[in-house]
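Visitor: Provided herewith: coords.cif, mmCIF, C-alpha atoms.
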data_upload
loop_
_atom_site.label_atom_id
_atom_site.label_comp_id
_atom_site.auth_asym_id
_atom_site.auth_seq_id
_atom_site.Cartn_x
_atom_site.Cartn_y
_atom_site.Cartn_z
CA MET A 1 -29.92 -28.56 92.34
CA ALA A 2 -29.43 -25.01 93.58
CA ARG A 3 -29.50 -21.42 92.37
CA VAL A 4 -25.90 -20.25 92.66
CA LEU A 5 -24.43 -16.81 92.09
CA VAL A 6 -20.81 -17.09 90.96
CA THR A 7 -18.95 -13.77 90.93
CA GLY A 8 -15.83 -13.63 88.79
CA ALA A 9 -17.49 -16.06 86.36
CA ALA A 10 -15.23 -14.95 83.48
CA GLY A 11 -12.16 -15.59 85.64
CA PHE A 12 -10.02 -18.70 85.83
CA ILE A 13 -11.60 -20.42 88.86
CA GLY A 14 -15.07 -18.91 88.33
CA PHE A 15 -15.28 -20.25 84.77
CA HIS A 16 -14.30 -23.79 85.79
CA LEU A 17 -16.68 -23.75 88.77
CA ALA A 18 -19.62 -22.47 86.69
CA LYS A 19 -18.96 -25.18 84.09
CA ARG A 20 -18.98 -27.88 86.78
CA LEU A 21 -22.15 -26.54 88.45
CA LEU A 22 -24.00 -26.39 85.12
CA ALA A 23 -22.96 -29.99 84.36
CA GLN A 24 -24.61 -30.92 87.67
CA GLN A 25 -27.87 -29.24 86.55
CA ASN A 26 -27.58 -26.23 88.88
CA GLU A 27 -28.83 -22.80 87.90
CA VAL A 28 -25.85 -20.43 87.66
CA ILE A 29 -25.99 -16.65 87.68
CA GLY A 30 -22.59 -15.47 86.49
CA LEU A 31 -21.29 -11.99 87.28
CA ASP A 32 -18.04 -10.35 86.13
CA ASN A 33 -16.88 -6.86 85.20
CA VAL A 34 -14.58 -8.36 82.50
CA ASN A 35 -11.86 -5.81 83.27
CA ASP A 36 -8.57 -5.52 81.38
CA TYR A 37 -6.18 -6.57 84.20
CA TYR A 38 -5.22 -9.31 81.73
CA GLU A 39 -6.30 -10.08 78.17
CA VAL A 40 -10.05 -9.58 77.83
CA SER A 41 -10.21 -11.98 74.87
CA LEU A 42 -9.39 -14.91 77.18
CA LYS A 43 -12.19 -13.92 79.56
CA GLU A 44 -14.58 -13.62 76.62
CA ALA A 45 -13.52 -17.03 75.31
CA ARG A 46 -14.25 -18.57 78.73
CA LEU A 47 -17.67 -16.90 78.79
CA ALA A 48 -18.40 -18.16 75.28
CA GLN A 49 -18.06 -21.71 76.64
CA LEU A 50 -20.74 -20.98 79.26
CA GLN A 51 -23.20 -18.83 77.38
CA GLY A 52 -25.99 -20.72 75.72
CA GLN A 53 -25.78 -23.52 78.26
CA ARG A 54 -29.06 -24.34 79.94
CA GLY A 55 -29.36 -22.71 83.35
CA PHE A 56 -26.69 -20.04 82.80
CA ARG A 57 -27.30 -16.30 82.87
CA PHE A 58 -24.54 -13.72 82.75
CA TYR A 59 -24.40 -10.12 83.95
CA LYS A 60 -21.53 -7.76 83.18
CA MET A 61 -21.38 -5.86 86.44
CA ASP A 62 -18.90 -4.56 88.99
CA LEU A 63 -19.21 -5.57 92.63
CA VAL A 64 -19.02 -1.89 93.61
CA ASP A 65 -22.36 -1.24 91.85
CA ARG A 66 -24.48 -0.49 94.92
CA GLU A 67 -27.71 -0.28 92.94
CA GLY A 68 -27.22 -3.06 90.37
CA LEU A 69 -26.05 -5.77 92.77
CA PRO A 70 -29.06 -5.57 95.16
CA ARG A 71 -31.36 -5.56 92.09
CA LEU A 72 -29.70 -8.74 90.81
CA PHE A 73 -30.11 -10.44 94.21
CA LYS A 74 -33.75 -9.36 94.39
CA GLU A 75 -34.48 -10.67 90.91
CA HIS A 76 -32.70 -14.03 91.12
CA LYS A 77 -32.71 -14.80 94.87
CA PRO A 78 -29.54 -16.94 94.90
CA GLU A 79 -29.47 -19.64 97.56
CA ILE A 80 -25.68 -19.96 97.54
CA VAL A 81 -23.16 -17.23 96.67
CA VAL A 82 -19.60 -18.11 95.66
CA ASN A 83 -17.56 -14.91 95.61
CA LEU A 84 -14.50 -15.37 93.40
CA ALA A 85 -14.41 -11.83 91.97
CA ALA A 86 -11.38 -9.91 93.22
CA GLN A 87 -8.44 -7.87 92.11
CA ALA A 88 -5.78 -10.57 92.05
CA GLY A 89 -1.99 -10.47 92.08
CA VAL A 90 0.58 -9.66 94.76
CA ARG A 91 2.91 -7.44 92.72
CA TYR A 92 0.27 -5.35 90.90
CA ALA A 93 -0.84 -3.89 94.26
CA GLN A 94 2.28 -1.73 94.33
CA LYS A 95 1.23 -0.10 91.04
CA ASN A 96 -2.51 0.20 91.61
CA PRO A 97 -3.46 -0.18 95.30
CA TYR A 98 -6.89 1.41 94.90
CA ALA A 99 -8.01 -1.41 92.57
CA TYR A 100 -7.70 -3.76 95.57
CA VAL A 101 -9.62 -1.45 97.89
CA ASP A 102 -12.47 -1.03 95.37
CA SER A 103 -12.89 -4.67 94.36
CA ASN A 104 -11.74 -6.61 97.42
CA LEU A 105 -13.07 -4.37 100.19
CA VAL A 106 -15.90 -2.18 98.85
CA GLY A 107 -17.08 -4.91 96.47
CA PHE A 108 -17.01 -7.57 99.19
CA MET A 109 -18.93 -5.25 101.52
CA ASN A 110 -21.68 -5.06 98.88
CA ILE A 111 -21.75 -8.86 98.60
CA LEU A 112 -22.13 -9.20 102.38
CA GLU A 113 -24.98 -6.67 102.50
CA CYS A 114 -26.78 -8.40 99.62
CA CYS A 115 -26.35 -11.81 101.28
CA ARG A 116 -27.65 -10.42 104.57
CA HIS A 117 -30.77 -8.89 103.04
CA GLY A 118 -31.26 -11.58 100.40
CA GLY A 119 -31.66 -14.56 102.72
CA VAL A 120 -28.62 -16.36 101.26
CA LYS A 121 -28.17 -19.81 102.83
CA HIS A 122 -24.38 -20.03 102.40
CA LEU A 123 -21.69 -17.57 101.34
CA VAL A 124 -18.50 -19.23 100.11
CA PHE A 125 -15.71 -16.76 99.38
CA ALA A 126 -12.19 -16.90 98.03
CA SER A 127 -9.42 -16.05 100.41
CA SER A 128 -5.77 -16.84 99.65
CA SER A 129 -2.68 -18.61 100.94
CA SER A 130 -1.07 -15.14 100.88
CA VAL A 131 -2.80 -14.34 104.20
CA TYR A 132 -0.12 -16.46 105.92
CA GLY A 133 2.31 -13.63 105.12
CA ALA A 134 5.36 -13.68 107.37
CA ASN A 135 4.42 -17.04 108.98
CA THR A 136 7.14 -19.68 108.62
CA LYS A 137 5.63 -22.58 110.60
CA MET A 138 4.85 -25.27 108.02
CA PRO A 139 2.46 -26.54 106.86
CA PHE A 140 0.20 -23.49 107.06
CA SER A 141 -2.87 -24.23 109.19
CA VAL A 142 -6.20 -22.39 109.39
CA HIS A 143 -5.79 -22.67 113.18
CA ASP A 144 -2.66 -20.48 113.09
CA ASN A 145 -2.80 -16.74 113.64
CA VAL A 146 -2.42 -14.74 110.39
CA ASP A 147 -1.88 -11.15 111.47
CA HIS A 148 1.28 -10.37 109.50
CA PRO A 149 0.40 -9.98 105.79
CA ILE A 150 3.26 -8.73 103.60
CA SER A 151 1.26 -7.56 100.57
CA LEU A 152 -1.80 -5.34 100.17
CA TYR A 153 -3.53 -8.19 98.33
CA ALA A 154 -3.03 -10.44 101.37
CA ALA A 155 -4.28 -7.70 103.70
CA THR A 156 -7.51 -7.36 101.69
CA LYS A 157 -8.05 -11.12 101.78
CA LYS A 158 -7.52 -11.20 105.55
CA ALA A 159 -9.97 -8.30 105.77
CA ASN A 160 -12.53 -10.35 103.78
CA GLU A 161 -12.25 -13.13 106.36
CA LEU A 162 -12.81 -10.66 109.21
CA MET A 163 -15.71 -8.92 107.46
CA ALA A 164 -17.41 -12.25 106.70
CA HIS A 165 -16.96 -13.39 110.30
CA THR A 166 -18.57 -10.18 111.55
CA TYR A 167 -21.63 -10.70 109.33
CA SER A 168 -21.77 -14.34 110.33
CA HIS A 169 -21.79 -13.30 113.99
CA LEU A 170 -24.19 -10.34 113.69
CA TYR A 171 -26.68 -11.72 111.17
CA ASN A 172 -26.22 -15.50 111.45
CA LEU A 173 -24.98 -15.62 107.85
CA PRO A 174 -23.29 -19.01 107.21
CA ALA A 175 -19.93 -18.13 105.64
CA THR A 176 -16.96 -20.24 104.54
CA GLY A 177 -13.61 -18.79 103.48
CA LEU A 178 -11.34 -20.80 101.17
CA ARG A 179 -7.62 -20.17 101.15
CA PHE A 180 -6.46 -21.23 97.68
CA PHE A 181 -2.85 -22.27 97.11
CA THR A 182 -1.23 -21.36 93.72
CA VAL A 183 -3.92 -22.54 91.32
CA TYR A 184 -2.89 -23.62 87.80
CA GLY A 185 -4.30 -25.44 84.81
CA PRO A 186 -6.05 -24.94 81.43
CA TRP A 187 -7.70 -21.53 80.90
CA GLY A 188 -5.41 -20.13 83.61
CA ARG A 189 -4.36 -16.56 84.34
CA PRO A 190 -1.82 -14.98 81.94
CA ASP A 191 -0.27 -12.91 84.76
CA MET A 192 0.86 -16.01 86.65
CA ALA A 193 4.27 -17.67 86.40
CA LEU A 194 3.16 -20.79 84.49
CA PHE A 195 1.64 -18.73 81.66
CA LEU A 196 4.59 -16.32 81.56
CA PHE A 197 7.11 -19.18 81.58
CA THR A 198 5.32 -21.14 78.84
CA LYS A 199 5.02 -18.14 76.53
CA ALA A 200 8.65 -17.10 77.04
CA ILE A 201 10.08 -20.62 76.55
CA LEU A 202 8.08 -21.19 73.35
CA HIS A 203 9.23 -17.82 71.99
CA GLY A 204 12.88 -18.32 72.97
CA ARG A 205 12.91 -15.57 75.59
CA PRO A 206 14.46 -15.84 79.09
CA ILE A 207 12.20 -16.41 82.10
CA ASP A 208 12.47 -14.43 85.35
CA VAL A 209 13.15 -16.80 88.25
CA PHE A 210 12.73 -14.98 91.56
CA ASN A 211 14.53 -15.68 94.83
CA PHE A 212 17.20 -17.31 92.62
CA GLY A 213 14.90 -20.32 92.22
CA LYS A 214 14.71 -21.07 95.94
CA MET A 215 10.92 -20.79 96.02
CA GLN A 216 8.52 -23.55 97.02
CA ARG A 217 4.84 -23.48 96.10
CA ASP A 218 1.95 -25.78 96.89
CA PHE A 219 0.79 -25.87 93.25
CA THR A 220 -2.88 -26.93 93.13
CA TYR A 221 -4.55 -28.12 89.92
CA ILE A 222 -7.79 -26.37 88.95
CA ASP A 223 -9.95 -29.54 89.00
CA ASP A 224 -8.91 -30.15 92.61
CA ILE A 225 -9.81 -26.57 93.54
CA VAL A 226 -13.26 -26.90 91.92
CA GLU A 227 -13.91 -30.26 93.62
CA GLY A 228 -13.03 -28.67 96.97
CA VAL A 229 -15.29 -25.66 96.35
CA VAL A 230 -18.26 -27.82 95.29
CA ARG A 231 -17.94 -30.05 98.35
CA VAL A 232 -17.65 -27.08 100.70
CA MET A 233 -20.71 -25.46 99.10
CA GLY A 234 -22.73 -28.44 100.32
CA LYS A 235 -21.30 -28.22 103.84
CA THR A 236 -23.01 -25.25 105.49
CA PRO A 237 -20.92 -24.20 108.49
CA VAL A 238 -22.32 -24.44 112.00
CA PRO A 239 -21.04 -22.86 115.23
CA ASN A 240 -18.20 -24.69 116.95
CA PRO A 241 -19.50 -25.46 120.48
CA GLY A 242 -15.94 -26.00 121.69
CA TRP A 243 -14.81 -22.51 120.64
CA SER A 244 -13.51 -20.41 123.53
CA GLY A 245 -12.61 -16.74 123.72
CA LYS A 246 -9.91 -17.67 126.24
CA ALA A 247 -8.01 -19.58 123.57
CA PRO A 248 -9.64 -18.40 120.31
CA ASP A 249 -9.32 -20.74 117.34
CA PRO A 250 -8.87 -18.62 114.16
CA GLY A 251 -10.25 -21.41 111.94
CA SER A 252 -13.74 -21.68 113.45
CA SER A 253 -16.14 -19.66 115.60
CA LEU A 254 -19.20 -19.53 117.83
CA ALA A 255 -20.81 -18.09 114.68
CA PRO A 256 -21.63 -20.26 111.61
CA TYR A 257 -18.22 -19.53 110.10
CA LYS A 258 -15.36 -21.73 108.87
CA LEU A 259 -12.05 -21.49 107.04
CA TYR A 260 -10.38 -24.14 104.87
CA ASN A 261 -7.11 -24.43 103.00
CA ILE A 262 -7.40 -25.93 99.52
CA GLY A 263 -3.90 -26.92 98.46
CA ASN A 264 -2.04 -29.95 97.17
CA ASN A 265 -0.38 -30.54 100.53
CA GLN A 266 3.01 -31.15 98.88
CA PRO A 267 5.15 -28.10 98.05
CA VAL A 268 7.24 -28.23 94.88
CA GLU A 269 10.50 -26.36 94.34
CA LEU A 270 10.25 -23.78 91.58
CA MET A 271 13.23 -25.27 89.72
CA ARG A 272 11.49 -28.67 89.66
CA PHE A 273 8.31 -27.02 88.36
CA ILE A 274 10.34 -25.39 85.55
CA GLU A 275 12.08 -28.71 84.80
CA VAL A 276 8.72 -30.51 84.33
CA LEU A 277 7.44 -27.64 82.17
CA GLU A 278 10.59 -27.86 79.99
CA GLN A 279 9.96 -31.58 79.53
CA GLN A 280 6.35 -30.96 78.47
CA LEU A 281 7.35 -28.20 76.05
CA GLY A 282 10.37 -30.10 74.70
CA ARG A 283 12.54 -27.00 75.16
CA LYS A 284 15.01 -25.69 77.72
CA ALA A 285 14.40 -22.37 79.45
CA GLU A 286 16.96 -19.60 79.58
CA LYS A 287 16.76 -18.45 83.18
CA ASN A 288 17.17 -14.91 84.46
CA MET A 289 17.90 -15.46 88.18
CA LEU A 290 16.58 -12.58 90.31
CA PRO A 291 16.15 -11.73 94.02
CA MET A 292 12.86 -12.06 95.90
CA GLN A 293 10.14 -9.61 94.88
CA PRO A 294 8.50 -7.40 97.54
CA GLY A 295 5.30 -9.04 98.83
CA ASP A 296 6.35 -12.57 97.84
CA VAL A 297 6.91 -15.38 100.34
CA PRO A 298 9.63 -18.04 99.98
CA ALA A 299 7.36 -21.06 100.51
CA THR A 300 3.72 -22.17 100.84
CA TRP A 301 2.40 -25.51 102.09
CA ALA A 302 -1.24 -26.24 102.93
CA ASP A 303 -2.42 -28.22 105.93
CA VAL A 304 -5.67 -29.72 104.56
CA ASP A 305 -6.66 -31.88 107.56
CA ASP A 306 -9.89 -29.92 108.16
CA LEU A 307 -10.92 -30.22 104.50
CA VAL A 308 -10.31 -33.98 104.54
CA ARG A 309 -12.17 -34.42 107.83
CA ASP A 310 -15.21 -32.26 106.95
CA VAL A 311 -15.80 -32.96 103.25
CA GLY A 312 -13.73 -36.09 102.60
CA PHE A 313 -11.52 -34.62 99.89
CA LYS A 314 -7.79 -34.09 99.48
CA PRO A 315 -6.27 -32.51 96.33
CA SER A 316 -3.85 -34.96 94.74
CA THR A 317 -3.06 -34.05 91.10
CA LEU A 318 0.69 -34.30 90.49
CA ILE A 319 2.40 -31.44 88.65
CA GLU A 320 3.53 -33.85 85.92
CA GLU A 321 -0.13 -34.57 85.10
CA GLY A 322 -1.34 -31.01 85.62
CA LEU A 323 1.37 -29.41 83.49
CA GLU A 324 0.81 -31.93 80.70
CA ARG A 325 -2.86 -30.88 80.54
CA PHE A 326 -2.00 -27.19 80.71
CA VAL A 327 0.55 -27.38 77.89
CA ALA A 328 -1.87 -29.35 75.69
CA TRP A 329 -4.53 -26.66 76.25
CA TYR A 330 -2.06 -23.79 75.72
CA ARG A 331 -0.79 -25.18 72.40
CA SER A 332 -4.35 -25.73 71.22
CA TYR A 333 -5.71 -22.34 72.32
CA TYR A 334 -2.78 -20.22 71.08
CA LYS A 335 -2.05 -22.43 68.04
CA GLU A 336 1.55 -22.85 69.19
#
Reformat the file's structure so that it appears as structure tokens.
Guide:
Amino acid sequence: MARVLVTGAAGFIGFHLAKRLLAQQNEVIGLDNVNDYYEVSLKEARLAQLQGQRGFRFYKMDLVDREGLPRLFKEHKPEIVVNLAAQAGVRYAQKNPYAYVDSNLVGFMNILECCRHGGVKHLVFASSSSVYGANTKMPFSVHDNVDHPISLYAATKKANELMAHTYSHLYNLPATGLRFFTVYGPWGRPDMALFLFTKAILHGRPIDVFNFGKMQRDFTYIDDIVEGVVRVMGKTPVPNPGWSGKAPDPGSSLAPYKLYNIGNNQPVELMRFIEVLEQQLGRKAEKNMLPMQPGDVPATWADVDDLVRDVGFKPSTLIEEGLERFVAWYRSYYKE
């Protein structure tokens, strides 16, 4: 049992993680600003599932609140912090770049300061597969250099990794960054392709298929993501004695700092993903084939060797199984 602060608790991953931690008898302090980036009613419905559960307390707060956040840390003294709150989305950054600076940089700075002064034993924070940017060497490894982001979102996530490493080095704060790969499943995000595709197909509208369908994604089911997060939470990072500044390894450090990919380790072509979704919905999609969007990458594929070695877990849910569960939830939730 532990006292865990989960930021972004009304979000897709945060909700599922909080639910899992509560089931394991942990005390969960949930924090979220419940913004309107996507439908607030879905966030409220997620929260309704958590509120009233023993051990759960929720605070509607923004990470940029420099007075409220330290007060919350002082009052509850979390032992572990899992930072999942962020402005998400690659394409939205071109419309509202400052949202990413506020939430992902200023907000994360506040988290780091609170962890430093609050005696937090382990900070686990969400990074993203988008940090691999222009890299084309597959599968993507945490031991590869990632200095060529191609979206502002990716740049802020890379910055989070650097900021956390600095605090780990300066203040001996154990910190683990998790690079998530295209997470999907029940209670998912309405701005992501799966949600958009499902809604359009059920309503007889065409779907936008970017890069003319020649995309590959390492789709990772939500339960696998949560399992990975929970296992990593219990694995406090320690300095890597073999680390050398002459040949610096980006995935570890002389500080108590570590990075992991959490992905399914088997990329799926977008057209195959759509085909399985059509089968689950019992309807064919009308496809609007479009070029690549700025900030997108053609393929993602996670090397999860470090995750397997250190915590003994490898995501394995097939898209056939994952999409079946998503569609069942979607039909139930939206009465489709």
Visitor: Which residues, written as an mmCIF file with C-alpha atoms, keeping the file's coordinate frame, have at least one atom at most 9 Å from stretch 124-126 of chain A, with all atoms listed in the file counted and residues fewer than 6 positions away on the same chain left out?
Guide:
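File result-v7.cif, as written:
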data_model
loop_
_atom_site.group_PDB
_atom_site.id
_atom_site.type_symbol
_atom_site.label_atom_id
_atom_site.label_comp_id
_atom_site.auth_asym_id
_atom_site.auth_seq_id
_atom_site.Cartn_x
_atom_site.Cartn_y
_atom_site.Cartn_z
ATOM 1 C CA ILE A 80 -25.680 -19.960 97.540
ATOM 2 C CA VAL A 81 -23.160 -17.230 96.670
ATOM 3 C CA VAL A 82 -19.600 -18.110 95.660
ATOM 4 C CA ASN A 83 -17.560 -14.910 95.610
ATOM 5 C CA LEU A 84 -14.500 -15.370 93.400
ATOM 6 C CA ALA A 85 -14.410 -11.830 91.970
ATOM 7 C CA ALA A 86 -11.380 -9.910 93.220
ATOM 8 C CA LYS A 157 -8.050 -11.120 101.780
ATOM 9 C CA ASN A 160 -12.530 -10.350 103.780
ATOM 10 C CA GLU A 161 -12.250 -13.130 106.360
ATOM 11 C CA ALA A 164 -17.410 -12.250 106.700
ATOM 12 C CA PRO A 174 -23.290 -19.010 107.210
ATOM 13 C CA ALA A 175 -19.930 -18.130 105.640
ATOM 14 C CA THR A 176 -16.960 -20.240 104.540
ATOM 15 C CA GLY A 177 -13.610 -18.790 103.480
ATOM 16 C CA LEU A 178 -11.340 -20.800 101.170
ATOM 17 C CA ARG A 179 -7.620 -20.170 101.150
ATOM 18 C CA PHE A 180 -6.460 -21.230 97.680
ATOM 19 C CA VAL A 229 -15.290 -25.660 96.350
ATOM 20 C CA VAL A 232 -17.650 -27.080 100.700
ATOM 21 C CA MET A 233 -20.710 -25.460 99.100
#
Visitor: Using all atoms listed in the file, find the one residue out of A:Glu113, A:Glu336, A:Glu275, A:Asp65 that sits nearest to A:Ser168.
Guide: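 Answer, going by the shortest atom-to-atom distance: A:Glu113.
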Visitor: Give the answer as one residue: which of A:Pro267, A:Gly133, A:Pro291, A:Gly242 has the shortest atom-to-atom distance to A:Val209, using only C-alpha atoms?
Guide: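 Nearest to A:Val209: A:Pro291.
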Visitor: Which value, in Å to one decimal, gives the distance between atom CA of A:Ala48 and atom CA of A:Asn35?
Guide: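 Between atom CA of A:Ala48 and atom CA of A:Asn35 the gap works out to 16.1 Å.
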Visitor: To verify the selection step, state as a list in words which residues the PyMOL selection byres ((chain A and resi 243-251) around 7) yields on this input.
Guide: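 Those residues are Val142, His143, Asp144, Asn145, Asn240, Pro241, Gly242, Ser252, Ser253, Leu254, Lys258 and Leu259 of chain A.
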Visitor: May I ask which of the residues A:Ala134, A:Val297, A:Ile222, A:Val28 is the closest one to A:Ala9, counting only C-alpha atoms?
Guide: A:Val28
Visitor: Excluding same-chain residues fewer than 4 positions from A:Ile150, what lies within 12 Å of it counting only C-alpha atoms, as a count of residues only?
Guide: 23
Visitor: If you measure from atom CA of A:Val6 to atom CA of A:Gly30, what distance in Å do you get, rounded to one decimal?
Guide: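 According to the coordinates, atom CA of A:Val6 and atom CA of A:Gly30 are separated by 5.1 Å.
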Visitor: Hey, what comes out of the PyMOL selection byres ((chain A and resi 70) around 9) on this file? Could you write it as a list in words?
Guide: Asp65, Arg66, Glu67, Gly68, Leu69, Arg71, Leu72, Phe73, Lys74, Glu75, Asn110, Ile111, Glu113, Cys114, His117 and Gly118 of chain A
Visitor: In terms of the shortest atom-to-atom distance over all atoms listed in the file, which of A:Leu307, A:Gly204, A:Pro315, A:Phe195 is closest to A:Ile274?
Guide: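 Looking at the shortest contact to A:Ile274, the residue is A:Phe195.
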Visitor: For a test of reading the model, state the distance in Å between atom CA of A:Ser127 and atom CA of A:Glu269, rounded to one decimal.
Guide: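 Separating atom CA of A:Ser127 from atom CA of A:Glu269 is a distance of 23.2 Å.
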Visitor: Quick one: stretch 232-252 of chain A with N, CA, C and O atoms, as a PDB file, in the frame of the given file?
Guide:
ATOM      1  N   VAL A 232     -17.445 -28.042  99.605  1.00  0.00           N
ATOM      2  CA  VAL A 232     -17.650 -27.080 100.700  1.00  0.00           C
ATOM      3  C   VAL A 232     -18.991 -26.363 100.560  1.00  0.00           C
ATOM      4  O   VAL A 232     -19.663 -26.088 101.556  1.00  0.00           O
ATOM      5  N   MET A 233     -19.408 -26.088  99.323  1.00  0.00           N
ATOM      6  CA  MET A 233     -20.710 -25.460  99.100  1.00  0.00           C
ATOM      7  C   MET A 233     -21.842 -26.255  99.760  1.00  0.00           C
ATOM      8  O   MET A 233     -22.806 -25.689 100.267  1.00  0.00           O
ATOM      9  N   GLY A 234     -21.699 -27.567  99.745  1.00  0.00           N
ATOM     10  CA  GLY A 234     -22.730 -28.440 100.320  1.00  0.00           C
ATOM     11  C   GLY A 234     -22.562 -28.681 101.808  1.00  0.00           C
ATOM     12  O   GLY A 234     -23.315 -29.446 102.403  1.00  0.00           O
ATOM     13  N   LYS A 235     -21.569 -28.038 102.404  1.00  0.00           N
ATOM     14  CA  LYS A 235     -21.300 -28.220 103.840  1.00  0.00           C
ATOM     15  C   LYS A 235     -21.486 -26.873 104.546  1.00  0.00           C
ATOM     16  O   LYS A 235     -20.532 -26.140 104.776  1.00  0.00           O
ATOM     17  N   THR A 236     -22.723 -26.542 104.845  1.00  0.00           N
ATOM     18  CA  THR A 236     -23.010 -25.250 105.490  1.00  0.00           C
ATOM     19  C   THR A 236     -22.386 -25.235 106.891  1.00  0.00           C
ATOM     20  O   THR A 236     -22.612 -26.163 107.683  1.00  0.00           O
ATOM     21  N   PRO A 237     -21.598 -24.210 107.191  1.00  0.00           N
ATOM     22  CA  PRO A 237     -20.920 -24.200 108.490  1.00  0.00           C
ATOM     23  C   PRO A 237     -21.884 -24.001 109.655  1.00  0.00           C
ATOM     24  O   PRO A 237     -22.923 -23.354 109.516  1.00  0.00           O
ATOM     25  N   VAL A 238     -21.540 -24.597 110.770  1.00  0.00           N
ATOM     26  CA  VAL A 238     -22.320 -24.440 112.000  1.00  0.00           C
ATOM     27  C   VAL A 238     -21.367 -23.945 113.094  1.00  0.00           C
ATOM     28  O   VAL A 238     -20.147 -24.102 112.984  1.00  0.00           O
ATOM     29  N   PRO A 239     -21.907 -23.323 114.134  1.00  0.00           N
ATOM     30  CA  PRO A 239     -21.040 -22.860 115.230  1.00  0.00           C
ATOM     31  C   PRO A 239     -20.244 -24.003 115.843  1.00  0.00           C
ATOM     32  O   PRO A 239     -20.732 -25.138 115.912  1.00  0.00           O
ATOM     33  N   ASN A 240     -19.041 -23.711 116.267  1.00  0.00           N
ATOM     34  CA  ASN A 240     -18.200 -24.690 116.950  1.00  0.00           C
ATOM     35  C   ASN A 240     -18.455 -24.582 118.451  1.00  0.00           C
ATOM     36  O   ASN A 240     -18.036 -23.612 119.075  1.00  0.00           O
ATOM     37  N   PRO A 241     -19.152 -25.565 119.051  1.00  0.00           N
ATOM     38  CA  PRO A 241     -19.500 -25.460 120.480  1.00  0.00           C
ATOM     39  C   PRO A 241     -18.277 -25.463 121.394  1.00  0.00           C
ATOM     40  O   PRO A 241     -18.347 -25.018 122.536  1.00  0.00           O
ATOM     41  N   GLY A 242     -17.156 -25.956 120.881  1.00  0.00           N
ATOM     42  CA  GLY A 242     -15.940 -26.000 121.690  1.00  0.00           C
ATOM     43  C   GLY A 242     -15.112 -24.725 121.609  1.00  0.00           C
ATOM     44  O   GLY A 242     -14.064 -24.613 122.258  1.00  0.00           O
ATOM     45  N   TRP A 243     -15.581 -23.758 120.815  1.00  0.00           N
ATOM     46  CA  TRP A 243     -14.810 -22.510 120.640  1.00  0.00           C
ATOM     47  C   TRP A 243     -14.794 -21.714 121.944  1.00  0.00           C
ATOM     48  O   TRP A 243     -15.813 -21.586 122.621  1.00  0.00           O
ATOM     49  N   SER A 244     -13.637 -21.174 122.282  1.00  0.00           N
ATOM     50  CA  SER A 244     -13.510 -20.410 123.530  1.00  0.00           C
ATOM     51  C   SER A 244     -12.760 -19.111 123.285  1.00  0.00           C
ATOM     52  O   SER A 244     -11.710 -19.112 122.631  1.00  0.00           O
ATOM     53  N   GLY A 245     -13.291 -18.032 123.816  1.00  0.00           N
ATOM     54  CA  GLY A 245     -12.610 -16.740 123.720  1.00  0.00           C
ATOM     55  C   GLY A 245     -11.335 -16.678 124.532  1.00  0.00           C
ATOM     56  O   GLY A 245     -10.496 -15.794 124.322  1.00  0.00           O
ATOM     57  N   LYS A 246     -11.153 -17.635 125.436  1.00  0.00           N
ATOM     58  CA  LYS A 246      -9.910 -17.670 126.240  1.00  0.00           C
ATOM     59  C   LYS A 246      -8.746 -18.168 125.410  1.00  0.00           C
ATOM     60  O   LYS A 246      -7.597 -17.804 125.646  1.00  0.00           O
ATOM     61  N   ALA A 247      -9.046 -19.066 124.482  1.00  0.00           N
ATOM     62  CA  ALA A 247      -8.010 -19.580 123.570  1.00  0.00           C
ATOM     63  C   ALA A 247      -8.646 -19.628 122.182  1.00  0.00           C
ATOM     64  O   ALA A 247      -8.981 -20.698 121.669  1.00  0.00           O
ATOM     65  N   PRO A 248      -8.859 -18.450 121.559  1.00  0.00           N
ATOM     66  CA  PRO A 248      -9.640 -18.400 120.310  1.00  0.00           C
ATOM     67  C   PRO A 248      -8.982 -19.125 119.154  1.00  0.00           C
ATOM     68  O   PRO A 248      -7.803 -18.932 118.868  1.00  0.00           O
ATOM     69  N   ASP A 249      -9.782 -19.996 118.510  1.00  0.00           N
ATOM     70  CA  ASP A 249      -9.320 -20.740 117.340  1.00  0.00           C
ATOM     71  C   ASP A 249      -9.631 -19.902 116.093  1.00  0.00           C
ATOM     72  O   ASP A 249     -10.802 -19.665 115.794  1.00  0.00           O
ATOM     73  N   PRO A 250      -8.614 -19.451 115.331  1.00  0.00           N
ATOM     74  CA  PRO A 250      -8.870 -18.620 114.160  1.00  0.00           C
ATOM     75  C   PRO A 250      -9.631 -19.329 113.036  1.00  0.00           C
ATOM     76  O   PRO A 250     -10.215 -18.680 112.177  1.00  0.00           O
ATOM     77  N   GLY A 251      -9.653 -20.673 113.053  1.00  0.00           N
ATOM     78  CA  GLY A 251     -10.250 -21.410 111.940  1.00  0.00           C
ATOM     79  C   GLY A 251     -11.720 -21.707 112.066  1.00  0.00           C
ATOM     80  O   GLY A 251     -12.342 -22.180 111.119  1.00  0.00           O
ATOM     81  N   SER A 252     -12.310 -21.438 113.257  1.00  0.00           N
ATOM     82  CA  SER A 252     -13.740 -21.680 113.450  1.00  0.00           C
ATOM     83  C   SER A 252     -14.277 -20.591 114.377  1.00  0.00           C
ATOM     84  O   SER A 252     -13.590 -19.624 114.681  1.00  0.00           O
TER      85      SER A 252
END
